[in-house]
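Just work_32.pdb here, PDB, C-alpha atoms:
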```
ATOM      1  CA  MET S   1      64.100 158.744 174.024
ATOM      2  CA  ARG S   2      66.466 157.195 171.532
ATOM      3  CA  LEU S   3      69.902 156.366 172.908
ATOM      4  CA  LEU S   4      73.364 156.170 171.428
ATOM      5  CA  TYR S   5      75.184 152.901 172.012
ATOM      6  CA  SER S   6      78.611 151.639 171.058
ATOM      7  CA  CYS S   7      79.212 147.950 170.364
ATOM      8  CA  CYS S   8      82.380 145.950 169.905
ATOM      9  CA  ILE S   9      82.192 142.521 168.297
ATOM     10  CA  THR S  10      85.004 139.987 168.327
ATOM     11  CA  CYS S  11      84.676 137.052 165.923
ATOM     12  CA  PHE S  12      87.034 134.108 166.246
ATOM     13  CA  GLN S  13      87.698 131.622 163.474
ATOM     14  CA  PRO S  14      89.148 128.512 165.116
ATOM     15  CA  TYR S  15      90.758 126.911 162.091
ATOM     16  CA  ASN S  16      92.833 129.719 160.614
ATOM     17  CA  LEU S  17      93.023 131.763 163.826
ATOM     18  CA  ASN S  18      92.071 135.002 162.067
ATOM     19  CA  LYS S  19      90.420 137.492 164.392
ATOM     20  CA  THR S  20      88.084 140.274 163.396
ATOM     21  CA  CYS S  21      86.785 143.024 165.666
ATOM     22  CA  TYR S  22      83.689 145.094 165.088
ATOM     23  CA  LEU S  23      82.620 147.999 167.236
ATOM     24  CA  ILE S  24      79.017 149.138 166.967
ATOM     25  CA  LYS S  25      77.773 152.374 168.376
ATOM     26  CA  ILE S  26      74.055 152.894 168.718
ATOM     27  CA  VAL S  27      73.258 156.564 168.660
ATOM     28  CA  SER S  28      70.652 159.041 169.865
ATOM     29  CA  GLY S  29      71.341 160.239 173.310
ATOM     30  CA  GLY S  30      74.155 157.921 174.381
ATOM     31  CA  TYR S  31      76.643 155.257 173.411
ATOM     32  CA  ALA S  32      77.026 151.625 174.300
ATOM     33  CA  ASN S  33      79.909 149.306 173.714
ATOM     34  CA  LEU S  34      78.996 145.775 172.785
ATOM     35  CA  LEU S  35      81.543 143.003 172.523
ATOM     36  CA  LEU S  36      80.085 139.762 171.234
ATOM     37  CA  THR S  37      80.140 136.882 168.803
ATOM     38  CA  LYS S  38      78.801 137.479 165.316
ATOM     39  CA  MET S  39      75.346 135.981 165.937
ATOM     40  CA  GLU S  40      74.814 137.889 169.181
ATOM     41  CA  SER S  41      76.105 141.140 167.762
ATOM     42  CA  SER S  42      74.053 141.093 164.601
ATOM     43  CA  TYR S  43      70.814 140.415 166.482
ATOM     44  CA  LEU S  44      71.475 143.090 169.076
ATOM     45  CA  ILE S  45      72.347 145.604 166.376
ATOM     46  CA  LYS S  46      69.187 144.628 164.529
ATOM     47  CA  GLU S  47      67.087 145.154 167.681
ATOM     48  CA  LEU S  48      68.647 148.533 168.414
ATOM     49  CA  LEU S  49      68.231 149.790 164.860
ATOM     50  CA  GLU S  50      64.593 148.665 164.792
ATOM     51  CA  LYS S  51      63.999 150.643 167.978
ATOM     52  CA  GLY S  52      65.263 153.783 166.257
ATOM     53  CA  HIS S  53      68.737 153.992 167.765
ATOM     54  CA  THR S  54      71.734 155.052 165.719
ATOM     55  CA  VAL S  55      74.546 152.516 165.750
ATOM     56  CA  ARG S  56      78.238 153.149 165.410
ATOM     57  CA  THR S  57      80.199 149.938 164.994
ATOM     58  CA  THR S  58      83.948 149.380 164.960
ATOM     59  CA  VAL S  59      85.888 146.696 163.130
ATOM     60  CA  ARG S  60      89.571 146.026 162.727
ATOM     61  CA  ASP S  61      89.176 146.479 158.986
ATOM     62  CA  PRO S  62      86.146 148.571 157.949
ATOM     63  CA  GLU S  63      87.050 147.948 154.286
ATOM     64  CA  ASN S  64      86.532 144.184 154.566
ATOM     65  CA  VAL S  65      83.216 144.000 152.732
ATOM     66  CA  GLU S  66      82.961 140.232 153.158
ATOM     67  CA  LYS S  67      82.747 140.569 156.934
ATOM     68  CA  VAL S  68      80.657 143.708 157.345
ATOM     69  CA  SER S  69      78.339 143.804 154.330
ATOM     70  CA  TYR S  70      75.557 141.900 156.113
ATOM     71  CA  LEU S  71      75.291 144.716 158.648
ATOM     72  CA  TRP S  72      74.294 147.170 155.923
ATOM     73  CA  GLU S  73      71.357 144.950 155.001
ATOM     74  CA  LEU S  74      69.719 145.481 158.404
ATOM     75  CA  LYS S  75      66.692 147.775 158.464
ATOM     76  CA  GLY S  76      67.761 151.326 159.286
ATOM     77  CA  ALA S  77      71.479 150.579 158.868
ATOM     78  CA  LYS S  78      72.033 152.931 155.928
ATOM     79  CA  GLU S  79      70.529 155.812 157.925
ATOM     80  CA  ARG S  80      71.792 155.027 161.443
ATOM     81  CA  LEU S  81      74.835 152.735 161.243
ATOM     82  CA  LYS S  82      78.438 153.938 161.116
ATOM     83  CA  ILE S  83      81.415 151.574 160.938
ATOM     84  CA  MET S  84      84.647 152.699 162.594
ATOM     85  CA  LYS S  85      88.054 151.130 163.114
ATOM     86  CA  ALA S  86      89.207 149.786 166.495
ATOM     87  CA  ASN S  87      91.254 146.962 167.996
ATOM     88  CA  LEU S  88      90.111 145.130 171.103
ATOM     89  CA  LEU S  89      93.649 144.532 172.386
ATOM     90  CA  LEU S  90      94.878 148.114 172.022
ATOM     91  CA  GLU S  91      94.291 150.151 175.173
ATOM     92  CA  GLY S  92      92.553 153.404 174.313
ATOM     93  CA  SER S  93      91.303 152.051 170.989
ATOM     94  CA  PHE S  94      87.673 152.557 172.048
ATOM     95  CA  ASP S  95      88.075 155.962 173.687
ATOM     96  CA  GLN S  96      86.613 157.891 170.783
ATOM     97  CA  ALA S  97      83.721 155.507 170.179
ATOM     98  CA  ILE S  98      82.618 155.441 173.811
ATOM     99  CA  GLN S  99      83.140 159.125 174.589
ATOM    100  CA  GLY S 100      79.807 160.725 175.481
ATOM    101  CA  VAL S 101      77.688 157.575 175.423
ATOM    102  CA  ASP S 102      74.782 156.675 177.733
ATOM    103  CA  GLY S 103      75.337 152.933 177.833
ATOM    104  CA  VAL S 104      77.816 150.253 176.804
ATOM    105  CA  PHE S 105      77.196 146.611 175.833
ATOM    106  CA  HIS S 106      80.372 144.521 176.024
ATOM    107  CA  THR S 107      79.041 141.141 175.068
ATOM    108  CA  ALA S 108      81.472 138.457 173.974
ATOM    109  CA  SER S 109      84.857 137.030 173.203
ATOM    110  CA  PRO S 110      86.444 134.158 171.286
ATOM    111  CA  VAL S 111      84.632 130.896 172.062
ATOM    112  CA  LEU S 112      86.220 128.020 170.194
ATOM    113  CA  VAL S 113      89.932 127.251 170.115
ATOM    114  CA  PRO S 114      91.847 124.299 168.675
ATOM    115  CA  TYR S 115      92.149 121.333 171.021
ATOM    116  CA  ASP S 116      95.011 118.901 170.650
ATOM    117  CA  ASP S 117      94.986 115.365 172.042
ATOM    118  CA  ASN S 118      98.701 115.774 172.706
ATOM    119  CA  ILE S 119      97.684 117.576 175.884
ATOM    120  CA  LYS S 120      96.318 114.282 177.170
ATOM    121  CA  ALA S 121      99.278 112.375 175.727
ATOM    122  CA  CYS S 122     101.660 114.644 177.578
ATOM    123  CA  GLU S 123     100.093 113.448 180.803
ATOM    124  CA  THR S 124     100.061 109.740 179.942
ATOM    125  CA  ASN S 125     102.930 108.807 177.558
ATOM    126  CA  LYS S 126     106.252 109.000 179.355
ATOM    127  CA  TYR S 127     108.239 107.984 176.242
ATOM    128  CA  GLU S 128     107.137 111.048 174.308
ATOM    129  CA  GLN S 129     107.118 113.407 177.278
ATOM    130  CA  GLN S 130     109.538 115.981 175.875
ATOM    131  CA  GLU S 131     107.907 116.193 172.453
ATOM    132  CA  CYS S 132     104.420 116.411 173.944
ATOM    133  CA  CYS S 133     105.432 119.077 176.421
ATOM    134  CA  ASN S 134     106.850 121.152 173.575
ATOM    135  CA  ILE S 135     103.488 120.861 171.830
ATOM    136  CA  LEU S 136     101.706 121.681 175.084
ATOM    137  CA  ASN S 137     103.800 124.799 175.599
ATOM    138  CA  PHE S 138     103.036 125.930 172.048
ATOM    139  CA  PHE S 139      99.333 125.255 172.542
ATOM    140  CA  LEU S 140      99.217 127.156 175.829
ATOM    141  CA  SER S 141     100.946 130.098 174.167
ATOM    142  CA  LEU S 142      98.378 129.923 171.361
ATOM    143  CA  LEU S 143      95.548 129.867 173.895
ATOM    144  CA  GLN S 144      96.965 132.913 175.628
ATOM    145  CA  GLU S 145      97.100 134.864 172.371
ATOM    146  CA  THR S 146      93.824 133.788 170.768
ATOM    147  CA  LEU S 147      91.470 133.224 173.698
ATOM    148  CA  VAL S 148      92.665 134.391 177.111
ATOM    149  CA  ASP S 149      94.161 137.779 176.189
ATOM    150  CA  PRO S 150      91.265 138.932 173.946
ATOM    151  CA  CYS S 151      88.759 137.944 176.609
ATOM    152  CA  ILE S 152      90.453 139.304 179.723
ATOM    153  CA  ASN S 153      92.524 142.230 178.442
ATOM    154  CA  GLY S 154      89.903 143.161 175.872
ATOM    155  CA  THR S 155      87.247 143.481 178.572
ATOM    156  CA  LEU S 156      89.526 145.634 180.717
ATOM    157  CA  ASN S 157      90.438 147.857 177.752
ATOM    158  CA  VAL S 158      86.778 148.512 176.979
ATOM    159  CA  LEU S 159      86.016 149.296 180.634
ATOM    160  CA  ARG S 160      89.011 151.628 180.890
ATOM    161  CA  SER S 161      87.654 153.540 177.905
ATOM    162  CA  CYS S 162      84.283 153.639 179.662
ATOM    163  CA  ASN S 163      85.957 155.109 182.725
ATOM    164  CA  LYS S 164      87.338 157.960 180.607
ATOM    165  CA  SER S 165      84.011 158.743 178.984
ATOM    166  CA  GLY S 166      82.639 161.094 181.622
ATOM    167  CA  SER S 167      79.427 161.407 183.606
ATOM    168  CA  ARG S 168      77.099 160.789 180.677
ATOM    169  CA  LEU S 169      77.729 157.031 180.763
ATOM    170  CA  LYS S 170      74.906 155.513 182.795
ATOM    171  CA  ARG S 171      75.540 151.760 182.619
ATOM    172  CA  VAL S 172      77.682 148.993 181.162
ATOM    173  CA  VAL S 173      76.161 145.599 180.323
ATOM    174  CA  LEU S 174      78.772 142.851 180.106
ATOM    175  CA  THR S 175      78.122 139.449 178.552
ATOM    176  CA  SER S 176      79.810 136.800 180.636
ATOM    177  CA  SER S 177      78.751 133.136 180.549
ATOM    178  CA  CYS S 178      77.299 130.322 182.609
ATOM    179  CA  SER S 179      80.809 128.926 182.171
ATOM    180  CA  ALA S 180      81.867 131.516 184.753
ATOM    181  CA  ILE S 181      79.488 129.856 187.256
ATOM    182  CA  ARG S 182      79.363 126.091 186.848
ATOM    183  CA  TYR S 183      82.926 124.680 186.846
ATOM    184  CA  ARG S 184      84.168 123.915 190.355
ATOM    185  CA  TYR S 185      85.177 120.909 192.454
ATOM    186  CA  ASP S 186      82.036 121.017 194.605
ATOM    187  CA  ALA S 187      79.560 121.572 191.740
ATOM    188  CA  GLU S 188      77.543 118.427 192.441
ATOM    189  CA  GLU S 189      77.315 119.120 196.177
ATOM    190  CA  ILE S 190      76.016 122.676 195.828
ATOM    191  CA  SER S 191      73.783 122.139 192.785
ATOM    192  CA  PRO S 192      71.574 123.840 191.696
ATOM    193  CA  MET S 193      73.886 126.806 191.316
ATOM    194  CA  ASN S 194      72.867 130.445 190.981
ATOM    195  CA  GLU S 195      74.379 133.869 190.332
ATOM    196  CA  SER S 196      76.238 133.831 193.655
ATOM    197  CA  HIS S 197      78.450 130.930 192.558
ATOM    198  CA  TRP S 198      81.730 131.290 190.685
ATOM    199  CA  THR S 199      83.771 128.937 188.538
ATOM    200  CA  ASP S 200      87.116 127.976 190.105
ATOM    201  CA  PRO S 201      89.963 129.092 187.778
ATOM    202  CA  ASP S 202      92.256 126.392 189.224
ATOM    203  CA  TYR S 203      89.681 123.754 188.281
ATOM    204  CA  CYS S 204      89.591 125.144 184.728
ATOM    205  CA  GLN S 205      93.366 125.042 184.399
ATOM    206  CA  ARG S 206      93.505 121.463 185.649
ATOM    207  CA  TYR S 207      90.910 120.247 183.144
ATOM    208  CA  ASN S 208      91.856 122.519 180.210
ATOM    209  CA  LEU S 209      88.614 124.504 180.354
ATOM    210  CA  TRP S 210      90.202 127.606 178.880
ATOM    211  CA  TYR S 211      87.071 129.366 177.695
ATOM    212  CA  ALA S 212      85.548 129.055 181.171
ATOM    213  CA  TYR S 213      88.839 130.197 182.691
ATOM    214  CA  ALA S 214      89.004 133.284 180.468
ATOM    215  CA  LYS S 215      85.357 134.254 181.014
ATOM    216  CA  THR S 216      85.644 133.809 184.790
ATOM    217  CA  VAL S 217      88.818 135.863 185.199
ATOM    218  CA  ALA S 218      87.528 138.511 182.782
ATOM    219  CA  GLU S 219      84.297 138.934 184.743
ATOM    220  CA  GLN S 220      86.058 138.978 188.128
ATOM    221  CA  ASP S 221      88.518 141.606 186.879
ATOM    222  CA  ALA S 222      85.632 143.611 185.447
ATOM    223  CA  TRP S 223      83.836 143.712 188.809
ATOM    224  CA  LYS S 224      87.023 144.884 190.526
ATOM    225  CA  LEU S 225      87.582 147.664 187.991
ATOM    226  CA  VAL S 226      84.018 149.003 188.090
ATOM    227  CA  GLU S 227      83.900 148.915 191.889
ATOM    228  CA  GLU S 228      87.122 150.919 192.064
ATOM    229  CA  ASN S 229      85.860 153.481 189.554
ATOM    230  CA  GLY S 230      82.146 153.739 190.369
ATOM    231  CA  ILE S 231      80.847 152.331 187.058
ATOM    232  CA  ASP S 232      77.317 150.872 187.041
ATOM    233  CA  LEU S 233      77.763 147.311 185.699
ATOM    234  CA  VAL S 234      75.176 144.589 185.034
ATOM    235  CA  VAL S 235      76.356 141.164 183.843
ATOM    236  CA  VAL S 236      74.356 138.690 181.743
ATOM    237  CA  ASN S 237      75.474 135.033 182.029
ATOM    238  CA  PRO S 238      73.953 133.086 179.107
ATOM    239  CA  SER S 239      74.316 129.370 178.474
ATOM    240  CA  PHE S 240      74.907 127.893 174.982
ATOM    241  CA  ILE S 241      73.242 130.295 172.529
ATOM    242  CA  VAL S 242      71.295 128.888 169.576
ATOM    243  CA  GLY S 243      69.199 130.361 166.774
ATOM    244  CA  PRO S 244      69.319 131.276 163.072
ATOM    245  CA  LEU S 245      72.177 133.347 161.702
ATOM    246  CA  LEU S 246      71.926 136.794 160.165
ATOM    247  CA  ALA S 247      75.504 136.788 158.892
ATOM    248  CA  ALA S 248      76.630 134.604 155.998
ATOM    249  CA  GLN S 249      79.674 133.299 157.877
ATOM    250  CA  PRO S 250      79.137 130.590 160.533
ATOM    251  CA  THR S 251      79.908 131.343 164.171
ATOM    252  CA  SER S 252      82.465 129.349 166.146
ATOM    253  CA  THR S 253      79.708 127.648 168.173
ATOM    254  CA  LEU S 254      77.951 126.580 164.972
ATOM    255  CA  LEU S 255      81.223 125.169 163.639
ATOM    256  CA  MET S 256      81.554 123.151 166.836
ATOM    257  CA  ILE S 257      78.057 121.678 166.426
ATOM    258  CA  LEU S 258      78.730 120.900 162.756
ATOM    259  CA  ALA S 259      81.947 119.096 163.675
ATOM    260  CA  ILE S 260      79.900 116.859 165.977
ATOM    261  CA  ILE S 261      76.958 116.139 163.706
ATOM    262  CA  ASP S 262      79.021 115.458 160.571
ATOM    263  CA  GLY S 263      81.236 113.031 162.497
ATOM    264  CA  ALA S 264      84.432 115.052 162.134
ATOM    265  CA  LEU S 265      85.221 114.750 165.852
ATOM    266  CA  GLY S 266      84.382 111.050 165.991
ATOM    267  CA  GLU S 267      82.518 111.372 169.265
ATOM    268  CA  PHE S 268      80.282 113.780 171.151
ATOM    269  CA  PRO S 269      80.940 115.236 174.631
ATOM    270  CA  ASN S 270      79.578 113.148 177.490
ATOM    271  CA  THR S 271      78.003 116.152 179.167
ATOM    272  CA  ARG S 272      74.729 117.959 179.632
ATOM    273  CA  LEU S 273      74.431 121.512 178.398
ATOM    274  CA  GLY S 274      72.149 124.463 178.990
ATOM    275  CA  PHE S 275      70.684 126.224 175.943
ATOM    276  CA  VAL S 276      69.075 129.591 175.332
ATOM    277  CA  HIS S 277      67.641 131.164 172.179
ATOM    278  CA  ILE S 278      69.300 134.246 170.740
ATOM    279  CA  ASP S 279      66.018 136.189 171.015
ATOM    280  CA  ASP S 280      66.016 135.654 174.781
ATOM    281  CA  VAL S 281      69.666 136.694 175.035
ATOM    282  CA  VAL S 282      68.974 139.945 173.193
ATOM    283  CA  ALA S 283      65.902 140.605 175.366
ATOM    284  CA  ALA S 284      67.974 139.988 178.508
ATOM    285  CA  HIS S 285      70.602 142.495 177.396
ATOM    286  CA  MET S 286      68.020 145.121 176.580
ATOM    287  CA  LEU S 287      66.341 144.676 179.976
ATOM    288  CA  ALA S 288      69.720 144.770 181.731
ATOM    289  CA  MET S 289      70.389 148.129 180.101
ATOM    290  CA  GLU S 290      66.939 149.708 180.337
ATOM    291  CA  GLU S 291      65.606 148.418 183.680
ATOM    292  CA  LYS S 292      66.913 150.668 186.451
ATOM    293  CA  ARG S 293      66.409 147.927 189.051
ATOM    294  CA  ALA S 294      68.680 145.496 187.211
ATOM    295  CA  SER S 295      71.918 144.772 189.079
ATOM    296  CA  GLY S 296      74.578 142.144 189.657
ATOM    297  CA  ARG S 297      74.675 138.932 187.623
ATOM    298  CA  LEU S 298      71.741 137.556 185.614
ATOM    299  CA  ILE S 299      71.698 133.929 184.422
ATOM    300  CA  CYS S 300      70.057 133.572 180.998
ATOM    301  CA  SER S 301      69.278 129.915 180.218
ATOM    302  CA  ASN S 302      66.364 127.667 179.303
ATOM    303  CA  SER S 303      66.500 123.973 178.309
ATOM    304  CA  VAL S 304      69.132 121.492 179.493
ATOM    305  CA  ALA S 305      69.997 118.393 177.447
ATOM    306  CA  HIS S 306      72.721 115.762 177.060
ATOM    307  CA  TRP S 307      74.645 115.849 173.775
ATOM    308  CA  SER S 308      73.193 112.421 172.913
ATOM    309  CA  GLU S 309      69.683 113.910 173.133
ATOM    310  CA  ILE S 310      70.726 116.871 171.018
ATOM    311  CA  ILE S 311      72.147 114.595 168.331
ATOM    312  CA  GLU S 312      68.967 112.495 168.217
ATOM    313  CA  MET S 313      66.843 115.630 167.794
ATOM    314  CA  LEU S 314      69.089 116.840 164.970
ATOM    315  CA  ARG S 315      69.232 113.384 163.368
ATOM    316  CA  THR S 316      65.436 113.307 163.147
ATOM    317  CA  LYS S 317      65.337 116.633 161.351
ATOM    318  CA  TYR S 318      68.560 116.357 159.323
ATOM    319  CA  PRO S 319      69.094 112.611 158.630
ATOM    320  CA  ASN S 320      71.732 113.014 155.910
ATOM    321  CA  TYR S 321      74.599 113.899 158.239
ATOM    322  CA  SER S 322      77.123 111.345 159.541
ATOM    323  CA  TYR S 323      76.532 111.928 163.217
ATOM    324  CA  ALA S 324      78.939 110.935 165.969
ATOM    325  CA  ASN S 325      77.600 107.768 167.610
ATOM    326  CA  LYS S 326      79.561 107.638 170.845
TER
END
```

The structure in this file should be written as structure tokens.
Amino acid sequence: MRLLYSCCITCFQPYNLNKTCYLIKIVSGGYANLLLTKMESSYLIKELLEKGHTVRTTVRDPENVEKVSYLWELKGAKERLKIMKANLLLEGSFDQAIQGVDGVFHTASPVLVPYDDNIKACETNKYEQQECCNILNFFLSLLQETLVDPCINGTLNVLRSCNKSGSRLKRVVLTSSCSAIRYRYDAEEISPMNESHWTDPDYCQRYNLWYAYAKTVAEQDAWKLVEENGIDLVVVNPSFIVGPLLAAQPTSTLLMILAIIDGALGEFPNTRLGFVHIDDVVAAHMLAMEEKRASGRLICSNSVAHWSEIIEMLRTKYPNYSYANK
């Protein structure tokens, strides 16, 4: 049986802070709401269309051809794709799209935000304390508007619309992140971690891990809301997603990698990172929706590597870039 799904996509551009929302509804028996980054959304839409589902997608500006034209190039899009208007931060904005659906995919949020070294300076330079704190306050306000609110309030708005949709809605699949699992004071002591572990929001605030903070609070709030309202929720927690793009515009995660490999940041993070291919992420979401036994949280990750190893692999294949060396 073909199903009708509704999908919401939030794309974040870290340099000019423009935000674009797409909502995609996949039709034929139910709806599903999918909130995700551009790469994730396009591949999931592609998979759903190829399986014969009809997709209704929402964007903040359906007339913006530059941002939505690639969707029409997907196989089956002209016959089974409809683009509607919606805003992630407006409560009730998704009511119409989700009404009567069988399933909802809510898959992502802004990933990359500007980072200012003045945050560190504010902690260390007592002679410029006042100026730095003014910058810090501005930056925290910017974070709240561009990262935290879209992630947390956007998730709750989508779920509230799901709660209004009636008995036809069978399941919601939410894309969280491994970032909602791994950041805590006792991480080394309890490693390896699994789906039962949670990131500590206080830890994130102390170390300026705002994406992890937003994803953690958003997922925790989501579980509270669905438990109070009897919504069947399954959460997928992917690590760093990689793979080729379908859209012409780069994703925020790709921009971050480019900033490292072309030397724009001057140095690479001294951390190890889990990776997963976009094909596996899409497969995990489809299984989370279609497999009746699926429940709770599902980690989706594969290889783990240090950024120095990643840079060496990229340098071998793409030697013309000015890679960060420290």

Which one of S:Ser165, S:Ala214, S:Ala180, S:Phe268 sits closest to Asp102 of chain S if you count all atoms listed in the file?
->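 Nearest candidate to Asp102 of chain S out of S:Ser165, S:Ala214, S:Ala180, S:Phe268: S:Ser165.
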
Selection under test: the PyMOL selection byres ((chain S and resi 89) around 7); residues as JSON, numbers by chain = {"S": [87, 88, 90, 91, 150, 153, 154]}

Starting from the displayed file, determine the output of the PyMOL selection byres ((chain S and resi 260) around 10) and express the residue list as an NGL selection string.
-> :S and (254-259 or 261-269 or 307 or 311 or 321-325)

Any chance you could resolve the PyMOL selection byres ((chain S and resi 155-162) around 9) against this file and give the residues as a PyMOL selection string?
-> chain S and resi 8+33+35+88-99+101+104+106+108-109+150-154+163-166+169+172+174+218-219+221-222+225-226+231

For Trp198 of chain S, please output as a PyMOL selection string all residues within 8 Å (counting only C-alpha atoms; exclusion window: fewer than 3 positions along the same chain).
-> chain S and resi 180-184+195+216

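Picture a line from atom CA of Gly100 of chain S to atom CA of Thr54 of chain S; it runs 13.9 Å.
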
How many Å lie between atom CA of Val235 of chain S and atom CA of Leu298 of chain S, rounded to one decimal?
->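 If I compute the distance from atom CA of Val235 of chain S to atom CA of Leu298 of chain S, I get 6.1 Å.
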
Contact table segment 234-321 of chain S vs segment 61-79 of chain S, cut-off 10 Å, shortest pair per residue, only C-alpha atoms, as a Markdown table:
```
| residue | atom | partner | partner_atom | distance |
| --- | --- | --- | --- | --- |
| S:Leu246 | CA | S:Tyr70 | CA | 7.5 |
| S:Ala247 | CA | S:Tyr70 | CA | 5.8 |
| S:Ala248 | CA | S:Tyr70 | CA | 7.4 |
| S:Gln249 | CA | S:Lys67 | CA | 7.9 |
```

Just the residues within 9 Å of Ala284 of chain S, please, counting only C-alpha atoms, with nothing from its chain fewer than 4 positions along; format it as a list of chain:residue names.
-> S:Val236, S:Asp279, S:Asp280, S:Ala288, S:Met289, S:Leu298, S:Cys300

Padded axis-aligned box of segment 196-215 of chain S (3 Å per side), centre and edge lengths, Å, one decimal, as JSON:
```
{"center_x": 84.9, "center_y": 127.3, "center_z": 185.7, "size_x": 23.3, "size_y": 20.0, "size_z": 22.0}
```

Just save segment 291-297 of chain S with all heavy atoms, as a PDB file, in the first residue's frame.
```
ATOM      1  N   GLU S 291       8.719  -0.670  10.120  1.00  0.00           N
ATOM      2  CA  GLU S 291       8.840  -1.843  10.980  1.00  0.00           C
ATOM      3  C   GLU S 291       8.030  -1.639  12.269  1.00  0.00           C
ATOM      4  O   GLU S 291       8.353  -0.777  13.097  1.00  0.00           O
ATOM      5  CB  GLU S 291      10.313  -2.095  11.310  1.00  0.00           C
ATOM      6  CG  GLU S 291      10.551  -3.230  12.300  1.00  0.00           C
ATOM      7  CD  GLU S 291       9.906  -4.532  11.881  1.00  0.00           C
ATOM      8  OE1 GLU S 291      10.271  -5.041  10.799  1.00  0.00           O
ATOM      9  OE2 GLU S 291       9.022  -5.011  12.639  1.00  0.00           O
ATOM     10  N   LYS S 292       7.000  -2.433  12.438  1.00  0.00           N
ATOM     11  CA  LYS S 292       6.119  -2.266  13.601  1.00  0.00           C
ATOM     12  C   LYS S 292       6.854  -2.459  14.916  1.00  0.00           C
ATOM     13  O   LYS S 292       6.484  -1.885  15.937  1.00  0.00           O
ATOM     14  CB  LYS S 292       4.947  -3.251  13.503  1.00  0.00           C
ATOM     15  CG  LYS S 292       3.986  -2.965  12.351  1.00  0.00           C
ATOM     16  CD  LYS S 292       2.834  -3.944  12.352  1.00  0.00           C
ATOM     17  CE  LYS S 292       1.863  -3.647  11.206  1.00  0.00           C
ATOM     18  NZ  LYS S 292       0.724  -4.598  11.191  1.00  0.00           N
ATOM     19  N   ARG S 293       7.908  -3.289  14.906  1.00  0.00           N
ATOM     20  CA  ARG S 293       8.637  -3.565  16.151  1.00  0.00           C
ATOM     21  C   ARG S 293       9.593  -2.450  16.542  1.00  0.00           C
ATOM     22  O   ARG S 293      10.117  -2.449  17.658  1.00  0.00           O
ATOM     23  CB  ARG S 293       9.415  -4.875  16.017  1.00  0.00           C
ATOM     24  CG  ARG S 293       8.530  -6.113  15.860  1.00  0.00           C
ATOM     25  CD  ARG S 293       9.380  -7.339  15.586  1.00  0.00           C
ATOM     26  NE  ARG S 293      10.105  -7.212  14.323  1.00  0.00           N
ATOM     27  CZ  ARG S 293      11.003  -8.088  13.887  1.00  0.00           C
ATOM     28  NH1 ARG S 293      11.287  -9.152  14.609  1.00  0.00           N
ATOM     29  NH2 ARG S 293      11.601  -7.903  12.721  1.00  0.00           N
ATOM     30  N   ALA S 294       9.834  -1.509  15.650  1.00  0.00           N
ATOM     31  CA  ALA S 294      10.752  -0.412  15.955  1.00  0.00           C
ATOM     32  C   ALA S 294      10.194   0.433  17.097  1.00  0.00           C
ATOM     33  O   ALA S 294       9.003   0.727  17.151  1.00  0.00           O
ATOM     34  CB  ALA S 294      10.968   0.454  14.717  1.00  0.00           C
ATOM     35  N   SER S 295      11.085   0.845  18.016  1.00  0.00           N
ATOM     36  CA  SER S 295      10.650   1.654  19.153  1.00  0.00           C
ATOM     37  C   SER S 295      11.851   2.359  19.763  1.00  0.00           C
ATOM     38  O   SER S 295      13.003   1.983  19.521  1.00  0.00           O
ATOM     39  CB  SER S 295       9.959   0.787  20.219  1.00  0.00           C
ATOM     40  OG  SER S 295      10.875  -0.154  20.761  1.00  0.00           O
ATOM     41  N   GLY S 296      11.586   3.377  20.554  1.00  0.00           N
ATOM     42  CA  GLY S 296      12.644   4.053  21.293  1.00  0.00           C
ATOM     43  C   GLY S 296      13.612   4.812  20.407  1.00  0.00           C
ATOM     44  O   GLY S 296      13.244   5.395  19.390  1.00  0.00           O
ATOM     45  N   ARG S 297      14.897   4.773  20.811  1.00  0.00           N
ATOM     46  CA  ARG S 297      15.961   5.488  20.109  1.00  0.00           C
ATOM     47  C   ARG S 297      16.813   4.493  19.330  1.00  0.00           C
ATOM     48  O   ARG S 297      17.082   3.385  19.812  1.00  0.00           O
ATOM     49  CB  ARG S 297      16.841   6.249  21.093  1.00  0.00           C
ATOM     50  CG  ARG S 297      16.080   7.110  22.071  1.00  0.00           C
ATOM     51  CD  ARG S 297      16.998   7.676  23.146  1.00  0.00           C
ATOM     52  NE  ARG S 297      17.665   8.903  22.709  1.00  0.00           N
ATOM     53  CZ  ARG S 297      18.732   9.426  23.308  1.00  0.00           C
ATOM     54  NH1 ARG S 297      19.287   8.788  24.335  1.00  0.00           N
ATOM     55  NH2 ARG S 297      19.273  10.552  22.884  1.00  0.00           N
TER      56      ARG S 297
END
```
